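Trainee: Take a look at start.txt, compact mmCIF, C-alpha atoms:
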# COMPACT_ATOMS: atom_id res chain seq x y z
CA MET A 601 0.00 0.00 0.00
CA ALA A 602 1.51 3.30 -1.09
CA ILE A 603 -0.40 5.50 1.39
CA GLU A 604 0.86 4.81 4.91
CA GLY A 605 0.64 6.64 8.21
CA VAL A 606 -2.01 9.37 8.34
CA MET A 607 -4.49 8.72 5.50
CA ARG A 608 -7.21 11.36 5.69
CA ALA A 609 -9.35 13.67 7.78
CA GLY A 610 -11.75 11.09 9.14
CA HIS A 611 -14.22 12.90 11.33
CA VAL A 612 -14.94 16.22 12.99
CA GLN A 613 -16.92 16.77 16.20
CA VAL A 614 -18.79 20.06 16.16
CA ARG A 615 -20.78 21.89 18.85
CA VAL A 616 -24.26 23.12 18.01
CA MET A 617 -26.75 25.04 20.14
CA ASP A 618 -29.90 23.27 18.93
CA ILE A 619 -29.36 19.63 18.08
CA ASP A 620 -32.69 19.14 16.29
CA ALA A 621 -32.15 22.17 14.07
CA ALA A 622 -28.61 20.98 13.34
CA VAL A 623 -29.67 17.45 12.43
CA LYS A 624 -32.31 18.84 10.07
CA HIS A 625 -29.72 21.11 8.45
CA TYR A 626 -27.06 18.43 7.99
CA THR A 627 -29.48 15.73 6.78
CA GLU A 628 -32.16 17.51 4.74
CA PHE A 629 -30.04 20.34 3.33
CA TYR A 630 -26.37 19.22 3.45
CA GLY A 631 -27.56 15.74 2.51
CA MET A 632 -25.83 13.56 5.12
CA LEU A 633 -27.26 10.40 6.67
CA GLU A 634 -27.91 10.04 10.42
CA VAL A 635 -26.29 6.78 11.53
CA ALA A 636 -26.33 6.76 15.36
CA ARG A 637 -27.04 8.65 18.57
CA ASP A 638 -25.62 8.42 22.07
CA ALA A 639 -26.53 10.34 25.23
CA SER A 640 -25.09 13.63 24.02
CA ARG A 641 -24.26 13.29 20.32
CA VAL A 642 -25.67 12.59 16.87
CA TYR A 643 -23.46 10.80 14.30
CA LEU A 644 -23.71 11.40 10.56
CA LYS A 645 -21.98 10.17 7.42
CA ALA A 646 -21.81 11.34 3.84
CA TRP A 647 -23.20 8.72 1.52
CA ASP A 648 -19.99 7.75 -0.29
CA GLU A 649 -17.97 7.15 2.88
CA PHE A 650 -17.35 3.57 3.92
CA ASP A 651 -16.57 4.51 7.54
CA HIS A 652 -19.26 4.61 10.24
CA HIS A 653 -19.42 8.43 10.41
CA SER A 654 -17.52 11.60 9.61
CA LEU A 655 -19.50 14.27 11.49
CA VAL A 656 -20.47 14.22 15.15
CA LEU A 657 -22.82 16.92 16.47
CA ARG A 658 -22.81 17.72 20.18
CA GLU A 659 -25.26 20.13 21.79
CA ALA A 660 -23.52 22.86 23.81
CA ASP A 661 -24.00 26.48 24.81
CA GLU A 662 -21.57 27.76 22.18
CA PRO A 663 -20.77 26.53 18.67
CA GLY A 664 -17.33 25.60 17.34
CA MET A 665 -15.17 22.51 16.92
CA ASP A 666 -14.44 19.99 19.68
CA HIS A 667 -11.81 18.16 17.64
CA VAL A 668 -10.86 16.95 14.18
CA ALA A 669 -9.66 13.36 13.85
CA PHE A 670 -7.40 11.77 11.25
CA LYS A 671 -7.51 8.13 10.32
CA VAL A 672 -4.17 6.32 10.20
CA ARG A 673 -3.44 3.10 8.31
CA HIS A 674 -2.40 0.84 11.20
CA GLU A 675 -2.84 0.68 14.98
CA SER A 676 0.97 0.69 15.22
CA ASP A 677 0.97 4.18 13.64
CA LEU A 678 -0.77 5.47 16.77
CA ASP A 679 2.03 4.16 19.01
CA ARG A 680 4.72 5.57 16.73
CA ILE A 681 3.08 9.01 16.56
CA GLN A 682 2.45 9.05 20.30
CA GLY A 683 6.15 8.40 20.86
CA GLU A 684 7.20 11.16 18.47
CA LEU A 685 4.83 13.64 20.11
CA ALA A 686 6.20 12.70 23.54
CA GLU A 687 9.75 13.30 22.29
CA ARG A 688 8.65 16.84 21.48
CA LEU A 689 7.12 17.18 24.96
CA ILE A 690 3.60 17.36 23.54
CA GLY A 691 1.08 15.80 25.89
CA VAL A 692 -1.01 12.95 24.51
CA THR A 693 -4.39 11.86 25.84
CA ARG A 694 -5.55 8.30 25.19
CA ILE A 695 -9.23 7.77 24.49
CA ALA A 696 -10.69 4.30 24.89
CA ALA A 697 -12.27 2.40 22.00
CA GLY A 698 -16.02 2.97 21.89
CA GLU A 699 -16.00 6.49 23.33
CA GLN A 700 -17.38 7.36 19.91
CA ILE A 701 -19.75 4.75 18.54
CA GLY A 702 -18.00 2.63 15.92
CA VAL A 703 -14.50 4.03 16.48
CA GLY A 704 -11.51 2.27 18.03
CA ARG A 705 -9.01 3.79 20.44
CA ARG A 706 -7.89 7.33 19.71
CA ILE A 707 -4.99 9.50 20.76
CA ALA A 708 -5.35 13.26 21.12
CA PHE A 709 -3.07 16.26 21.44
CA THR A 710 -3.41 20.03 21.28
CA ALA A 711 -1.84 21.71 18.26
CA PRO A 712 0.09 24.96 18.82
CA THR A 713 -2.90 26.79 17.30
CA GLY A 714 -4.93 25.52 20.28
CA HIS A 715 -7.06 23.01 18.40
CA ARG A 716 -7.60 19.45 19.60
CA ILE A 717 -6.31 16.97 17.03
CA GLU A 718 -7.08 13.26 17.27
CA LEU A 719 -5.88 10.11 15.51
CA TYR A 720 -7.43 6.67 15.21
CA ALA A 721 -6.85 3.57 13.12
CA THR A 722 -10.04 1.56 13.47
CA CYS A 723 -13.58 2.39 12.47
CA GLU A 724 -16.55 0.23 11.58
CA LEU A 725 -17.06 0.09 7.81
CA PRO A 726 -20.80 -0.16 7.16
CA GLY A 727 -20.15 0.88 3.55
CA ASN A 728 -21.59 3.42 1.17
CA GLY A 729 -24.97 1.84 0.51
CA LEU A 730 -23.77 0.18 -2.69
CA PRO A 731 -22.50 -3.34 -3.22
CA THR A 732 -18.75 -3.78 -3.60
CA ARG A 733 -19.36 -6.02 -6.61
CA ASN A 734 -20.76 -4.49 -9.80
CA PRO A 735 -22.18 -1.42 -8.05
CA ASP A 736 -24.34 1.31 -9.52
CA VAL A 737 -23.05 4.85 -9.09
CA SER A 738 -25.23 6.17 -6.28
CA PRO A 739 -27.84 4.95 -3.80
CA ASP A 740 -31.50 6.02 -3.88
CA GLY A 741 -33.13 8.54 -1.60
CA LEU A 742 -30.34 11.11 -1.20
CA LYS A 743 -31.43 14.56 -0.07
CA GLY A 744 -30.34 18.17 -0.43
CA MET A 745 -26.78 18.84 -1.57
CA LYS A 746 -25.94 15.11 -1.51
CA VAL A 747 -22.45 15.69 -0.12
CA MET A 748 -20.22 12.70 -0.88
CA ARG A 749 -17.32 12.73 1.57
CA PHE A 750 -15.52 14.74 4.23
CA GLU A 751 -12.96 17.01 2.57
CA HIS A 752 -11.14 19.19 5.11
CA VAL A 753 -11.36 21.73 7.90
CA LEU A 754 -9.90 25.24 8.03
CA LEU A 755 -8.82 26.46 11.45
CA TYR A 756 -7.74 29.91 12.72
CA GLY A 757 -5.23 30.29 15.52
CA PRO A 758 -1.82 31.43 16.73
CA GLN A 759 1.54 29.72 16.01
CA VAL A 760 0.66 28.57 12.51
CA GLU A 761 4.32 28.03 11.56
CA GLU A 762 4.91 25.74 14.56
CA THR A 763 1.71 23.87 13.75
CA ILE A 764 2.65 23.37 10.10
CA LYS A 765 6.07 22.09 11.17
CA LEU A 766 4.48 19.63 13.61
CA PHE A 767 2.06 18.31 10.98
CA HIS A 768 4.92 17.97 8.50
CA ASP A 769 7.55 16.47 10.77
CA VAL A 770 5.46 14.18 12.98
CA LEU A 771 2.31 13.42 11.00
CA GLY A 772 3.88 13.38 7.55
CA PHE A 773 1.74 16.05 5.90
CA GLY A 774 2.94 17.90 2.80
CA VAL A 775 2.62 21.68 2.53
CA VAL A 776 0.63 21.95 -0.69
CA GLU A 777 0.14 25.72 -0.70
CA ASP A 778 0.93 28.55 1.68
CA ILE A 779 0.58 32.32 2.10
CA VAL A 780 3.66 34.37 2.99
CA THR A 781 4.04 38.03 3.98
CA GLU A 782 6.63 40.29 2.35
CA ASP A 783 8.67 39.79 5.54
CA GLY A 784 8.76 36.08 4.80
CA VAL A 785 6.37 35.09 7.59
CA ARG A 786 4.09 32.19 6.71
CA ILE A 787 0.54 33.11 7.76
CA ALA A 788 -1.37 30.21 6.24
CA GLY A 789 -0.75 26.64 5.18
CA PHE A 790 -2.85 24.10 3.26
CA LEU A 791 -1.68 20.61 4.17
CA SER A 792 -2.24 17.18 2.64
CA CYS A 793 -1.57 13.75 4.13
CA ALA A 794 -2.38 11.75 1.00
CA SER A 795 -3.72 12.78 -2.39
CA LYS A 796 -6.16 15.66 -1.78
CA SER A 797 -5.09 19.28 -2.17
CA HIS A 798 -5.74 19.72 1.54
CA ASP A 799 -6.96 17.68 4.49
CA ILE A 800 -6.51 20.57 6.90
CA ALA A 801 -5.60 24.24 6.60
CA PHE A 802 -4.44 26.79 9.16
CA ILE A 803 -4.66 30.58 8.99
CA SER A 804 -2.90 32.84 11.46
CA ALA A 805 -5.18 34.59 13.96
CA PRO A 806 -4.84 35.76 17.55
CA GLU A 807 -7.37 33.30 18.97
CA THR A 808 -8.21 29.63 18.45
CA ARG A 809 -11.25 29.43 16.20
CA PHE A 810 -13.14 27.11 13.85
CA HIS A 811 -13.50 28.57 10.34
CA HIS A 812 -15.25 25.85 8.37
CA LEU A 813 -15.81 22.20 7.58
CA SER A 814 -15.95 21.11 3.96
CA TYR A 815 -17.53 18.20 2.13
CA TYR A 816 -16.93 17.14 -1.45
CA VAL A 817 -19.55 17.14 -4.20
CA GLU A 818 -19.20 15.80 -7.71
CA SER A 819 -19.36 18.85 -9.96
CA TRP A 820 -19.73 22.59 -10.49
CA ASP A 821 -23.35 21.80 -11.28
CA ALA A 822 -23.72 20.35 -7.76
CA ILE A 823 -22.35 23.62 -6.33
CA MET A 824 -25.05 25.56 -8.18
CA GLN A 825 -27.70 23.13 -6.95
CA ALA A 826 -26.38 23.82 -3.44
CA ALA A 827 -26.90 27.55 -4.08
CA ASP A 828 -30.50 26.84 -5.10
CA ILE A 829 -31.07 24.87 -1.89
CA ILE A 830 -29.53 27.68 0.18
CA ARG A 831 -31.85 30.30 -1.31
CA LYS A 832 -34.96 28.11 -1.26
CA ASN A 833 -34.51 27.32 2.45
CA ASN A 834 -33.21 30.71 3.63
CA ILE A 835 -29.90 29.21 4.74
CA PRO A 836 -27.48 32.07 5.57
CA LEU A 837 -25.11 32.38 2.60
CA ASP A 838 -21.52 33.48 3.14
CA ILE A 839 -20.14 33.61 -0.41
CA GLY A 840 -20.32 31.73 -3.68
CA PRO A 841 -20.62 29.94 -5.96
CA THR A 842 -17.03 30.92 -6.72
CA ARG A 843 -13.51 29.51 -7.11
CA HIS A 844 -10.45 29.50 -4.90
CA GLY A 845 -7.06 30.45 -6.34
CA ILE A 846 -5.54 28.24 -3.65
CA SER A 847 -6.37 24.64 -4.64
CA ARG A 848 -8.37 25.90 -7.68
CA GLY A 849 -11.36 24.41 -5.89
CA LEU A 850 -14.94 25.35 -6.75
CA THR A 851 -16.91 26.36 -3.72
CA ILE A 852 -19.88 27.82 -1.90
CA TYR A 853 -19.88 28.79 1.82
CA PHE A 854 -22.86 29.05 4.13
CA PHE A 855 -23.71 28.62 7.82
CA ASP A 856 -25.42 25.93 9.86
CA PRO A 857 -28.17 27.03 12.30
CA SER A 858 -25.58 27.63 15.06
CA GLY A 859 -23.27 29.71 12.90
CA ASN A 860 -20.67 27.07 12.05
CA ARG A 861 -19.50 27.64 8.48
CA ASN A 862 -20.00 24.84 5.92
CA GLU A 863 -18.49 24.49 2.47
CA VAL A 864 -19.34 22.29 -0.46
CA PHE A 865 -16.28 21.86 -2.63
CA THR A 866 -15.25 20.24 -5.87
CA GLY A 867 -12.51 20.45 -8.50
CA SER A 868 -8.94 21.03 -7.32
CA TYR A 869 -6.02 18.76 -8.25
CA PRO A 870 -4.35 15.62 -6.93
CA TYR A 871 -1.39 16.03 -4.58
CA TYR A 872 1.77 13.93 -4.64
CA PRO A 873 4.64 14.35 -2.19
CA ASP A 874 7.05 15.47 -4.92
CA ARG A 875 4.84 18.41 -5.93
CA PRO A 876 6.50 21.74 -5.12
CA THR A 877 4.73 23.99 -2.60
CA ILE A 878 2.69 26.72 -4.27
CA SER A 879 3.25 30.02 -2.42
CA TRP A 880 1.06 33.12 -2.46
CA ASP A 881 2.17 36.62 -1.49
CA SER A 882 -0.16 38.02 1.16
CA SER A 883 -0.61 41.02 -1.13
CA GLU A 884 -2.36 38.61 -3.56
CA LEU A 885 -4.63 37.27 -0.84
CA GLY A 886 -7.87 38.27 -2.53
CA LYS A 887 -7.11 36.25 -5.64
CA ALA A 888 -5.74 33.37 -3.56
CA ILE A 889 -8.92 32.97 -1.54
CA PHE A 890 -11.65 34.11 -3.98
CA TYR A 891 -10.29 33.92 -7.50
CA PHE A 892 -13.32 35.28 -9.36
CA GLU A 893 -13.85 38.27 -7.05
CA GLY A 894 -10.15 38.98 -6.55
CA ARG A 895 -10.82 40.18 -3.02
CA LEU A 896 -11.98 38.81 0.31
CA ASN A 897 -15.40 39.38 1.77
CA GLU A 898 -15.26 40.74 5.31
CA ALA A 899 -17.08 37.70 6.69
CA PHE A 900 -14.29 35.33 5.60
CA LEU A 901 -11.95 37.15 7.98
CA ALA A 902 -14.26 38.03 10.84
CA VAL A 903 -16.86 35.29 11.13
CA THR A 904 -15.75 32.19 13.02
CA THR A 905 -17.04 29.99 15.82
CA MET B 733 -60.01 47.76 30.11
CA HIS B 734 -60.61 46.57 26.60
CA PHE B 735 -59.32 43.33 25.14
CA GLU B 736 -59.39 42.67 21.45
CA SER B 737 -60.39 39.15 20.67
CA THR B 738 -57.75 38.85 17.94
CA PRO B 739 -54.97 41.33 18.65
CA THR B 740 -52.91 42.33 15.65
CA PRO B 741 -49.19 41.75 16.28
CA ALA B 742 -47.42 45.08 16.14
CA SER B 743 -44.20 46.06 14.48
CA HIS B 744 -41.64 47.61 16.78
CA ARG B 745 -39.23 50.51 16.28
CA ILE B 746 -35.56 49.77 16.73
CA GLN B 747 -33.34 52.77 17.43
CA LEU B 748 -29.56 52.57 17.11
CA ILE B 749 -28.14 54.70 19.88
CA GLY B 750 -25.67 57.38 18.88
CA THR B 751 -27.01 57.48 15.32
CA ASP B 752 -30.10 58.84 13.61
CA ARG B 753 -30.86 55.35 12.39
CA GLU B 754 -34.19 53.83 13.27
CA PHE B 755 -36.00 50.99 11.58
CA SER B 756 -39.08 48.87 11.89
CA CYS B 757 -39.00 45.22 12.97
CA ALA B 758 -42.00 43.16 11.90
CA PRO B 759 -43.60 40.56 14.19
CA GLY B 760 -41.53 37.40 14.26
CA GLN B 761 -38.56 39.11 12.64
CA ASP B 762 -35.14 39.33 14.30
CA VAL B 763 -33.43 42.69 14.69
CA LEU B 764 -30.53 41.87 12.34
CA ASN B 765 -32.79 40.76 9.52
CA ALA B 766 -34.92 43.88 10.03
CA SER B 767 -31.79 46.02 9.77
CA ILE B 768 -30.70 44.24 6.60
CA ARG B 769 -34.05 45.09 5.05
CA ALA B 770 -33.82 48.69 6.30
CA GLY B 771 -30.34 49.56 5.12
CA VAL B 772 -27.07 47.93 4.21
CA GLY B 773 -24.36 48.15 6.83
CA TRP B 774 -26.38 49.39 9.78
CA LEU B 775 -25.54 46.28 11.76
CA PRO B 776 -22.64 43.98 10.89
CA VAL B 777 -23.83 40.70 9.35
CA GLY B 778 -22.15 37.44 10.35
CA CYS B 779 -23.39 33.87 10.64
CA ARG B 780 -27.04 34.82 11.38
CA GLY B 781 -27.20 31.85 13.73
CA GLY B 782 -26.27 33.28 17.13
CA GLY B 783 -22.79 31.80 16.86
CA CYS B 784 -20.12 34.21 15.66
CA GLY B 785 -20.87 37.33 17.71
CA VAL B 786 -20.30 39.79 14.86
CA CYS B 787 -23.75 41.42 15.28
CA ARG B 788 -23.49 41.85 19.06
CA VAL B 789 -25.44 44.70 20.62
CA ILE B 790 -26.36 45.95 24.06
CA VAL B 791 -30.10 46.34 24.50
CA CYS B 792 -30.34 49.65 26.40
CA SER B 793 -34.11 49.61 26.79
CA GLY B 794 -37.09 47.54 25.79
CA GLU B 795 -38.20 43.95 26.05
CA TYR B 796 -37.38 41.08 23.75
CA VAL B 797 -37.29 37.34 23.42
CA ALA B 798 -33.88 35.88 22.57
CA GLY B 799 -33.08 32.71 20.66
CA ARG B 800 -30.05 30.61 21.54
CA MET B 801 -26.83 32.62 21.46
CA SER B 802 -23.19 31.59 21.90
CA LYS B 803 -22.34 31.90 25.60
CA ARG B 804 -18.88 33.06 24.58
CA HIS B 805 -20.32 36.32 23.26
CA VAL B 806 -23.24 37.15 25.54
CA ALA B 807 -21.92 36.36 29.02
CA ALA B 808 -22.37 39.58 31.03
CA ASP B 809 -19.23 41.69 31.31
CA GLY B 810 -18.01 43.14 34.64
CA ALA B 811 -20.35 46.10 34.24
CA GLY B 812 -23.32 43.78 33.79
CA ALA B 813 -23.97 44.90 30.23
CA ARG B 814 -26.96 43.23 28.65
CA PHE B 815 -25.33 41.72 25.58
CA ALA B 816 -27.35 40.07 22.86
CA LEU B 817 -26.78 39.01 19.26
CA ALA B 818 -29.07 40.98 16.97
CA CYS B 819 -29.72 37.94 14.78
CA ARG B 820 -31.40 36.25 17.76
CA VAL B 821 -33.30 39.21 19.25
CA TYR B 822 -37.08 39.20 18.67
CA PRO B 823 -38.53 42.47 20.01
CA ALA B 824 -41.54 42.48 22.33
CA SER B 825 -41.53 46.29 22.51
CA ASP B 826 -39.69 49.17 20.89
CA LEU B 827 -35.95 48.77 21.53
CA ILE B 828 -32.98 51.07 21.89
CA VAL B 829 -29.81 49.18 21.04
CA GLU B 830 -26.12 50.02 20.91
CA LEU B 831 -23.49 48.29 18.79
CA ALA B 832 -21.13 46.24 20.99
CA PRO B 833 -18.47 44.61 18.80
CA ILE B 834 -16.97 41.46 20.27
CA ALA B 835 -13.69 41.89 22.09
CA GLY B 836 -10.60 40.28 20.62
CA SER B 837 -11.99 40.16 17.11
CA PRO B 838 -10.82 36.95 15.51
CA ALA B 839 -9.89 38.74 12.27
CA PRO B 840 -6.66 37.01 11.32
CA LEU B 841 -3.24 38.49 10.75
CA LEU B 842 -3.69 38.46 7.02
CA HIS B 843 -3.73 42.06 5.91
CA PRO B 844 -0.28 42.93 4.60
Turn the structure described in the file into structure tokens.
Mentor:
Amino acid sequence: MAIEGVMRAGHVQVRVMDIDAAVKHYTEFYGMLEVARDASRVYLKAWDEFDHHSLVLREADEPGMDHVAFKVRHESDLDRIQGELAERLIGVTRIAAGEQIGVGRRIAFTAPTGHRIELYATCELPGNGLPTRNPDVSPDGLKGMKVMRFEHVLLYGPQVEETIKLFHDVLGFGVVEDIVTEDGVRIAGFLSCASKSHDIAFISAPETRFHHLSYYVESWDAIMQAADIIRKNNIPLDIGPTRHGISRGLTIYFFDPSGNRNEVFTGSYPYYPDRPTISWDSSELGKAIFYFEGRLNEAFLAVTT
Amino acid sequence: MHFESTPTPASHRIQLIGTDREFSCAPGQDVLNASIRAGVGWLPVGCRGGGCGVCRVIVCSGEYVAGRMSKRHVAADGAGARFALACRVYPASDLIVELAPIAGSPAPLLHP
């Protein structure tokens, strides 16, 4: 197997202020499937994921992200990574198998940006609703934007350079694209652990914040259908449909009922470890983030949870 | 005393303190959405879900019903200010409100 170690962003646990409103949003509009509930959380998957779930909603008195978790190839990867984190004096918390329904043991640490990052190797594989022999291309009964799979998260926080270095050196991520000031300070990084243009991205900010979670859809046409669903259901739109300069991805951003930002995303390019890092001058930030508009909207900078 | 058998829900006037801006908020409408309909830029527009804090105000006078709002942004400050997020404020009377931008704005260190 060519892809070893950290394979992908596997799940994200997000706080919402009204669990019923959130479940309605993520199932009927975003198009995910509810797969399980426990005492405090609702578990959802996108249809084309084989794993048990990729989004966990937890009711709380403020929105934001509890943690993002990456799936590694082997249980032994968890022990190796835990050792390398310990060598760098980064505290690791062990979480027992079953704390999340369907997920094996996890390890967790706090990134220099302040975000909780988790790793796990084992997850139940209920499948994508299609047979693994001679399948058709999609299951029946999908709703809303019909998101297909978890793409990435974007996080705001301090110490982005230290965080990028940790993800590169310990977790094996490549720096696919970054944004650099004229003083040579890196203020954003888009990182890949396998073949996507990014599994996680960090942007420099004074406080630890959640910017957005992103799911993949099949086409530009699906992005426009998402825009129709947003308007029809009065979902708060952030920006789009548009394109990113960074990643070349096609996108639309909007908010869940608790103010957490969602993206549906398609396009982009495959990443291989020998691909040179694409760097953007911070003076070209507008084009880098929103290629069509050539400038940022204020909300992209100011609105986080 | 006279009671109407089917009272007509009233619109309420929302006054932005320190400005000459005043707008009407229809029954069932939140203050932020009313301001969007009244004039661009009168109140800052964020997530519209009570989460991000961008539209935070202090309600100086009047009664309202509030939807769920992020505790991070509406916990009373030391002076006991009555913070609320305009996107979750449903007036029950005329209101006088004051803009109260969130402290430590998360705007990132991106501007060159």
Trainee: Quick one: residues within 12 Å of Arg780 in chain B, only C-alpha atoms, excluding same-chain residues fewer than 2 positions away - as an MDAnalysis selection string?
Mentor: (chainID A and resid 834:838 854:861 899 903:905) or (chainID B and resid 762:765 768 775:778 782:788 799:802 817:821)
Trainee: Quick one: residues within 7 Å of Val797 in chain B, only C-alpha atoms, excluding same-chain residues fewer than 4 positions away - as a list in words?
Mentor: Val821, Tyr822, Pro823 and Ala824 of chain B
Trainee: Can you find the residues with an atom no farther than 10 Å from (-35.6, 54.1, 16.9), counting all atoms listed in the file, and report them as a tab-separated table (two decimals) with C-alpha atoms, in the frame of the given file?
Mentor:
chain	number	residue	atom	x	y	z
B	744	HIS	CA	-41.64	47.61	16.78
B	745	ARG	CA	-39.23	50.51	16.28
B	746	ILE	CA	-35.56	49.77	16.73
B	747	GLN	CA	-33.34	52.77	17.43
B	748	LEU	CA	-29.56	52.57	17.11
B	749	ILE	CA	-28.14	54.70	19.88
B	751	THR	CA	-27.01	57.48	15.32
B	752	ASP	CA	-30.10	58.84	13.61
B	753	ARG	CA	-30.86	55.35	12.39
B	754	GLU	CA	-34.19	53.83	13.27
B	755	PHE	CA	-36.00	50.99	11.58
B	756	SER	CA	-39.08	48.87	11.89
B	826	ASP	CA	-39.69	49.17	20.89
B	827	LEU	CA	-35.95	48.77	21.53
B	828	ILE	CA	-32.98	51.07	21.89
B	829	VAL	CA	-29.81	49.18	21.04
Trainee: Identify which of the residues A:Arg641, A:Arg688, A:Arg848, A:Arg895 lies closest to Leu766 in chain A, counting all atoms listed in the file when measuring atom-to-atom distances.
Mentor: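 Of A:Arg641, A:Arg688, A:Arg848, A:Arg895, the one nearest Leu766 in chain A is A:Arg688, counting all atoms listed in the file.
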Trainee: Pick from A:Ser868, A:Ser819, A:Thr732, A:Thr808: nearest to chain B, with all atoms listed in the file counted?
Mentor: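 Under the stated criterion, the closest residue is A:Thr808.
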Trainee: Would you list the contacts of range 633-637 of chain A as a list in words, taking every protein, DNA or RNA residue within 8 Å and counting all atoms listed in the file, but skipping same-chain residues closer than 2 positions in sequence?
Mentor: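 Near neighbours after the sequence-gap exclusion: Val623, Thr627, Gly631, Ala639, Ser640, Arg641, Val642, Tyr643, Leu644, Lys645, Ala646, Trp647, His652, His653 and Ile701 of chain A.
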Trainee: Calculate how many Å separate CA of His812 in chain A from CA of Tyr871 in chain A, rounding to one decimal.
Mentor: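 Answer for the CA of His812 in chain A to CA of Tyr871 in chain A separation: 21.4 Å.
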Trainee: Give, as AutoDock Vina command-line options, the centre coordinates and the x, y and z edge lengths in Å to one decimal for an axis-aligned box around all listed atoms of range 871-875 of chain A, padded by 8 Å on each side.
Mentor:
--center_x 2.8 --center_y 16.2 --center_z -4.1 --size_x 24.4 --size_y 20.5 --size_z 19.7
Trainee: Which is closest to chain A among B:Ala813, B:Gly781, B:Ser825, B:Gly771, if we use all atoms listed in the file?
Mentor: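 Of the candidates, the smallest distance to chain A is held by B:Gly781.
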Trainee: So which one's closest to chain A, B:Val772, B:Ala816, B:Ala766, B:Cys779? Using only C-alpha atoms, please.
Mentor: B:Cys779
Trainee: Which residues are close to Glu884 in chain A, i.e. within 10 Å by all atoms listed in the file, leaving aside same-chain residues fewer than 5 positions away? Reply as number ranges by chain.
Mentor: A: 779-781, 845, 889, 894-895; B: 844
Trainee: Using only C-alpha atoms, find the one residue out of A:Lys624, A:Arg706, A:Arg809, A:Arg716 that sits nearest to chain B.
Mentor: A:Arg809
Trainee: In Å, rounded to a single decimal, give me how far CA of Leu719 in chain A is from CA of Ala669 in chain A.
Mentor: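 We find that CA of Ala669 in chain A and CA of Leu719 in chain A lie 5.3 Å from each other.
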Trainee: Which residues, written as a compact mmCIF listing (two decimals) with C-alpha atoms, in the coordinates of the input, have at least one atom at most 10 Å from Ser676 in chain A, with all atoms listed in the file counted and residues fewer than 6 positions away on the same chain left out?
Mentor:
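Saved to part_6.txt:
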# COMPACT_ATOMS: atom_id res chain seq x y z
CA GLY A 605 0.64 6.64 8.21
CA GLN A 682 2.45 9.05 20.30
CA ALA A 721 -6.85 3.57 13.12
Trainee: Can you measure CA of Lys832 in chain A to CA of Ala660 in chain A for me? One decimal in Å is fine.
Mentor: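 Separation of CA of Lys832 in chain A and CA of Ala660 in chain A: 28.1 Å.
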Trainee: Find, counting only C-alpha atoms, the residue in A:Arg694, A:Arg786, A:His715, A:His667 that gets nearest to chain B.
Mentor: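 Comparing A:Arg694, A:Arg786, A:His715, A:His667 against chain B, the winner is A:Arg786.
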Trainee: Kindly output range 747-758 of chain B as a short mmCIF file (atom, residue, chain, number, x, y, z; two decimals), keeping the file's coordinate frame, after building N, CA and C atoms.
Mentor:
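So the final result, stored in result.cif, reads:
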data_model
loop_
_atom_site.label_atom_id
_atom_site.label_comp_id
_atom_site.auth_asym_id
_atom_site.auth_seq_id
_atom_site.Cartn_x
_atom_site.Cartn_y
_atom_site.Cartn_z
N GLN B 747 -34.17 51.57 17.55
CA GLN B 747 -33.34 52.77 17.43
C GLN B 747 -31.90 52.40 17.75
N LEU B 748 -30.99 52.81 16.87
CA LEU B 748 -29.56 52.57 17.11
C LEU B 748 -29.00 53.78 17.83
N ILE B 749 -28.57 53.58 19.05
CA ILE B 749 -28.14 54.70 19.88
C ILE B 749 -26.89 55.35 19.26
N GLY B 750 -26.82 56.65 19.40
CA GLY B 750 -25.67 57.38 18.88
C GLY B 750 -25.74 57.62 17.38
N THR B 751 -26.84 57.24 16.75
CA THR B 751 -27.01 57.48 15.32
C THR B 751 -28.43 58.01 15.12
N ASP B 752 -28.72 58.46 13.91
CA ASP B 752 -30.10 58.84 13.61
C ASP B 752 -30.83 57.68 12.93
N ARG B 753 -30.29 56.51 13.08
CA ARG B 753 -30.86 55.35 12.39
C ARG B 753 -31.95 54.70 13.24
N GLU B 754 -33.06 54.45 12.60
CA GLU B 754 -34.19 53.83 13.27
C GLU B 754 -34.90 53.00 12.21
N PHE B 755 -35.32 51.83 12.57
CA PHE B 755 -36.00 50.99 11.58
C PHE B 755 -37.09 50.17 12.25
N SER B 756 -37.94 49.62 11.41
CA SER B 756 -39.08 48.87 11.89
C SER B 756 -38.76 47.38 11.87
N CYS B 757 -39.20 46.66 12.91
CA CYS B 757 -39.00 45.22 12.97
C CYS B 757 -40.38 44.56 13.03
N ALA B 758 -40.67 43.77 12.02
CA ALA B 758 -42.00 43.16 11.90
C ALA B 758 -42.15 42.03 12.92
#
